[in-house]
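Containing mmCIF, C-alpha atoms: my_file-v4.cif.
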```
data_entry
#
loop_
_atom_site.label_atom_id
_atom_site.label_comp_id
_atom_site.auth_asym_id
_atom_site.auth_seq_id
_atom_site.Cartn_x
_atom_site.Cartn_y
_atom_site.Cartn_z
CA MET L 209 28.22 -6.19 35.31
CA LYS L 210 26.96 -2.60 35.48
CA LYS L 211 28.46 -1.86 32.04
CA ILE L 212 26.74 -4.90 30.53
CA PHE L 213 23.41 -3.76 31.98
CA ILE L 214 23.86 -0.23 30.57
CA ILE L 215 24.76 -1.59 27.13
CA PHE L 216 21.83 -4.01 27.22
CA PHE L 217 19.46 -1.20 28.29
CA PHE L 218 20.74 1.06 25.50
CA LEU L 219 20.23 -1.68 22.89
CA ILE L 220 16.67 -2.35 24.08
CA CYS L 221 15.79 1.36 24.03
CA SER L 222 17.34 1.98 20.60
CA GLU L 223 15.47 -1.00 19.13
CA THR L 224 12.19 0.30 20.58
CA ILE L 225 12.78 3.71 19.01
CA LYS L 226 13.82 2.18 15.69
CA SER L 227 10.75 -0.03 15.38
CA GLU L 228 8.09 2.62 16.04
CA GLU L 229 4.85 1.42 14.52
CA ILE L 230 3.19 3.45 11.79
CA ASN L 231 -0.46 2.64 11.08
CA MET L 232 -2.80 4.04 8.46
CA ILE L 233 -6.60 3.99 8.22
CA LEU L 234 -8.00 3.27 4.76
CA LYS L 235 -11.69 4.28 4.81
CA LEU L 236 -13.95 2.37 2.44
CA LYS L 237 -17.73 2.43 2.14
CA TYR L 238 -17.70 -1.04 3.70
CA GLY L 239 -15.63 -0.06 6.77
CA ASP L 240 -12.20 0.98 8.02
CA VAL L 241 -9.05 -0.94 7.18
CA VAL L 242 -5.95 -0.65 9.40
CA ILE L 243 -2.61 -0.96 7.62
CA LYS L 244 0.71 -1.35 9.43
CA LEU L 245 3.53 0.20 7.41
CA LEU L 246 7.03 -1.32 7.24
CA PRO L 247 9.55 1.56 7.20
CA ASP L 248 12.43 -0.76 8.10
CA VAL L 249 11.70 -2.83 4.97
CA ALA L 250 10.88 -0.14 2.37
CA PRO L 251 11.56 3.32 3.82
CA LYS L 252 11.19 5.32 0.58
CA HIS L 253 7.92 3.60 -0.34
CA VAL L 254 6.51 4.20 3.15
CA GLU L 255 7.60 7.83 2.98
CA ARG L 256 5.90 8.27 -0.44
CA PHE L 257 2.69 6.60 0.74
CA ILE L 258 2.49 8.83 3.82
CA THR L 259 3.30 11.97 1.81
CA LEU L 260 0.54 11.31 -0.72
CA ALA L 261 -1.94 10.42 2.05
CA LYS L 262 -1.13 13.58 4.04
CA ASN L 263 -1.77 15.62 0.90
CA ASN L 264 -5.13 13.81 0.40
CA LYS L 265 -3.99 12.51 -3.00
CA TYR L 266 -5.52 9.08 -2.40
CA ASP L 267 -8.92 10.40 -1.27
CA GLY L 268 -11.51 9.52 -3.93
CA VAL L 269 -9.15 7.31 -5.95
CA VAL L 270 -10.77 4.16 -7.35
CA PHE L 271 -9.78 0.50 -7.17
CA HIS L 272 -9.36 0.27 -10.94
CA ARG L 273 -8.00 -3.29 -11.15
CA VAL L 274 -9.35 -6.02 -8.90
CA ILE L 275 -8.81 -9.70 -9.65
CA ASP L 276 -10.73 -12.15 -7.46
CA GLY L 277 -8.33 -14.45 -5.60
CA PHE L 278 -5.34 -12.23 -6.42
CA MET L 279 -5.28 -8.51 -5.58
CA ALA L 280 -7.02 -5.11 -5.48
CA GLN L 281 -5.07 -2.27 -7.14
CA THR L 282 -5.57 1.47 -6.61
CA GLY L 283 -3.52 4.61 -6.19
CA ASP L 284 -3.52 6.17 -9.66
CA VAL L 285 -3.73 9.72 -8.36
CA GLN L 286 -3.42 11.12 -11.90
CA TYR L 287 -6.24 9.33 -13.74
CA GLY L 288 -8.04 7.36 -11.02
CA ASN L 289 -9.78 10.02 -8.96
CA SER L 290 -13.52 9.41 -8.99
CA LYS L 291 -14.17 13.13 -9.61
CA ASP L 292 -12.51 13.01 -13.04
CA PHE L 293 -12.10 9.27 -13.53
CA ASN L 294 -10.70 8.27 -16.92
CA GLN L 295 -11.46 4.57 -17.64
CA SER L 296 -9.15 4.46 -20.65
CA LEU L 297 -6.10 5.89 -18.84
CA VAL L 298 -6.56 4.69 -15.25
CA GLY L 299 -3.66 2.48 -14.23
CA THR L 300 -1.14 4.37 -16.36
CA GLY L 301 -0.68 7.42 -14.15
CA GLY L 302 1.10 8.40 -10.99
CA SER L 303 1.87 11.44 -8.89
CA ASP L 304 3.96 14.44 -9.89
CA LEU L 305 6.78 13.08 -7.71
CA PRO L 306 9.69 11.13 -9.24
CA ASN L 307 9.52 7.36 -9.52
CA LEU L 308 10.99 5.29 -6.71
CA LYS L 309 13.90 2.87 -6.86
CA GLN L 310 12.90 -0.67 -5.96
CA GLU L 311 13.14 -1.81 -2.35
CA PHE L 312 12.62 -5.54 -2.87
CA SER L 313 12.83 -7.72 0.24
CA ASN L 314 12.24 -11.25 1.44
CA ILE L 315 8.85 -10.31 2.91
CA PRO L 316 6.35 -12.62 1.15
CA HIS L 317 3.18 -11.49 -0.60
CA LEU L 318 0.56 -12.97 1.73
CA ARG L 319 -3.12 -12.19 2.16
CA GLY L 320 -3.32 -8.52 3.20
CA THR L 321 0.16 -7.57 1.98
CA LEU L 322 0.46 -3.97 0.74
CA SER L 323 2.88 -3.67 -2.18
CA MET L 324 3.76 -0.98 -4.70
CA ALA L 325 2.61 -1.44 -8.29
CA ARG L 326 5.02 -0.67 -11.12
CA SER L 327 5.61 -1.11 -14.85
CA ALA L 328 8.12 -3.60 -16.30
CA ASP L 329 10.88 -1.30 -15.00
CA PRO L 330 11.63 -2.31 -11.38
CA ASN L 331 12.38 1.35 -10.58
CA SER L 332 9.05 2.75 -11.81
CA ALA L 333 6.87 2.63 -8.66
CA ASN L 334 5.20 5.97 -7.95
CA SER L 335 1.75 6.11 -6.31
CA GLN L 336 -0.16 2.97 -7.31
CA PHE L 337 -0.33 0.10 -4.86
CA PHE L 338 -2.16 -3.16 -4.39
CA ILE L 339 -3.41 -5.31 -1.54
CA CYS L 340 -3.14 -9.08 -1.93
CA LEU L 341 -6.44 -10.91 -1.55
CA GLU L 342 -4.60 -14.25 -1.33
CA PRO L 343 -0.92 -15.29 -1.15
CA ALA L 344 0.95 -14.41 -4.37
CA PRO L 345 4.43 -15.98 -4.11
CA HIS L 346 5.15 -15.25 -7.79
CA LEU L 347 5.42 -11.54 -6.79
CA ASP L 348 7.98 -12.13 -4.02
CA ARG L 349 11.27 -10.21 -4.44
CA GLN L 350 9.84 -8.53 -7.58
CA TYR L 351 7.65 -5.87 -5.98
CA SER L 352 8.31 -3.60 -3.00
CA VAL L 353 6.30 -4.75 0.02
CA PHE L 354 5.72 -1.82 2.38
CA GLY L 355 2.78 -2.74 4.61
CA GLN L 356 0.29 -5.28 5.91
CA VAL L 357 -3.43 -5.09 6.62
CA THR L 358 -3.87 -5.82 10.34
CA LYS L 359 -7.61 -5.19 10.64
CA GLY L 360 -10.53 -4.95 8.21
CA MET L 361 -9.47 -7.40 5.51
CA GLU L 362 -13.14 -8.41 5.28
CA PHE L 363 -13.82 -4.91 3.88
CA ILE L 364 -11.08 -5.30 1.26
CA ASP L 365 -12.75 -8.58 0.23
CA LYS L 366 -15.97 -6.66 -0.53
CA ILE L 367 -14.35 -4.34 -3.08
CA LYS L 368 -16.03 -4.71 -6.48
CA LYS L 369 -14.13 -7.17 -8.71
CA GLY L 370 -13.33 -6.81 -12.38
CA ASN L 371 -15.24 -8.92 -14.91
CA ASN L 372 -12.40 -9.66 -17.31
CA PRO L 373 -8.95 -11.32 -17.13
CA ASN L 374 -7.08 -8.03 -16.59
CA GLY L 375 -9.35 -7.12 -13.67
CA SER L 376 -10.48 -3.68 -14.89
CA VAL L 377 -13.58 -2.58 -12.99
CA GLU L 378 -16.61 -0.70 -14.28
CA ASN L 379 -18.13 1.67 -11.70
CA PRO L 380 -15.32 0.86 -9.26
CA ASP L 381 -15.27 1.30 -5.49
CA LYS L 382 -13.06 4.10 -4.19
CA ILE L 383 -10.94 5.12 -1.25
CA ILE L 384 -12.96 7.55 0.88
CA SER L 385 -9.86 8.66 2.75
CA LEU L 386 -6.44 7.47 3.79
CA SER L 387 -4.75 8.91 6.87
CA GLU L 388 -2.09 8.15 9.45
CA VAL L 389 -3.27 6.99 12.86
CA LYS L 390 -2.15 9.46 15.51
CA ASP L 391 -1.60 8.14 19.01
#
```
Using the file provided, produce a representation of the structure as structure tokens.
Amino acid sequence: MKKIFIIFFFLICSETIKSEEINMILKLKYGDVVIKLLPDVAPKHVERFITLAKNNKYDGVVFHRVIDGFMAQTGDVQYGNSKDFNQSLVGTGGSDLPNLKQEFSNIPHLRGTLSMARSADPNSANSQFFICLEPAPHLDRQYSVFGQVTKGMEFIDKIKKGNNPNGSVENPDKIISLSEVKD
């Protein structure tokens, strides 16, 4: 009986350590958004997101593609920074880090899902990401889900929307800052 208790205790403790929660704060002019990251689902995408955030690469980057009822896309750290924003190239850039291999999962694209944007190549994700404004089941198992908004979705809803079918935004809203929550 004592051995079973020790094994059970070890399993409980190891699961607690394994599932440590990582939260990020996305600051917008409308308010703060809390994002829970999913390192057990997409470890490389979470690692990339945290690395770019720690290096302030997302600070000042615009939401260049926002489609009402679908998603808000940002993260082009190459052409999307509001300081030297390039309307004709935004959405085509990334970071100076190599592209990531896909980490597709069975996690559905629901309202508030954080997922990595990519080109037609499944292994082309780099720095751009999007937040679903509504469920988008057609994206399931085709894009790497790596987080979920847990607080502040009402601020995401206020992000300026695009006026055309592709969702490109004139005078777009931007990320003020993105940082990891420290306990």
Item to check | Residues in the PyMOL selection byres ((chain L and resi 232) around 10), expressed as a count of residues only | outcome: 21
Item to check | Residues matched by the PyMOL selection byres ((chain L and resi 291-303) around 9), written as a ChimeraX atom specification | outcome: /L:260,265,268-270,272-273,281-290,304-307,327,333-336,376-378
Item to check | Residue members of the PyMOL selection byres ((chain L and resi 350) around 10) in the file shown, as a PyMOL selection string | outcome: chain L and resi 310-314+326+330+345-349+351-353
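Checking L:Thr321, L:Thr358, L:Lys366, L:Asn379 one by one against Lys237 (chain L), counting all atoms listed in the file, you find the shortest gap at L:Lys366.
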Item to check | Atomic distance CA of Asn264 (chain L) - CA of Glu342 (chain L), expressed in Å with one decimal | outcome: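 So the answer is 28.1 Å.
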Item to check | Proximity to Ile339 (chain L) - best of L:Lys262, L:Lys382, L:Lys309, L:His317, all atoms listed in the file | outcome: L:His317
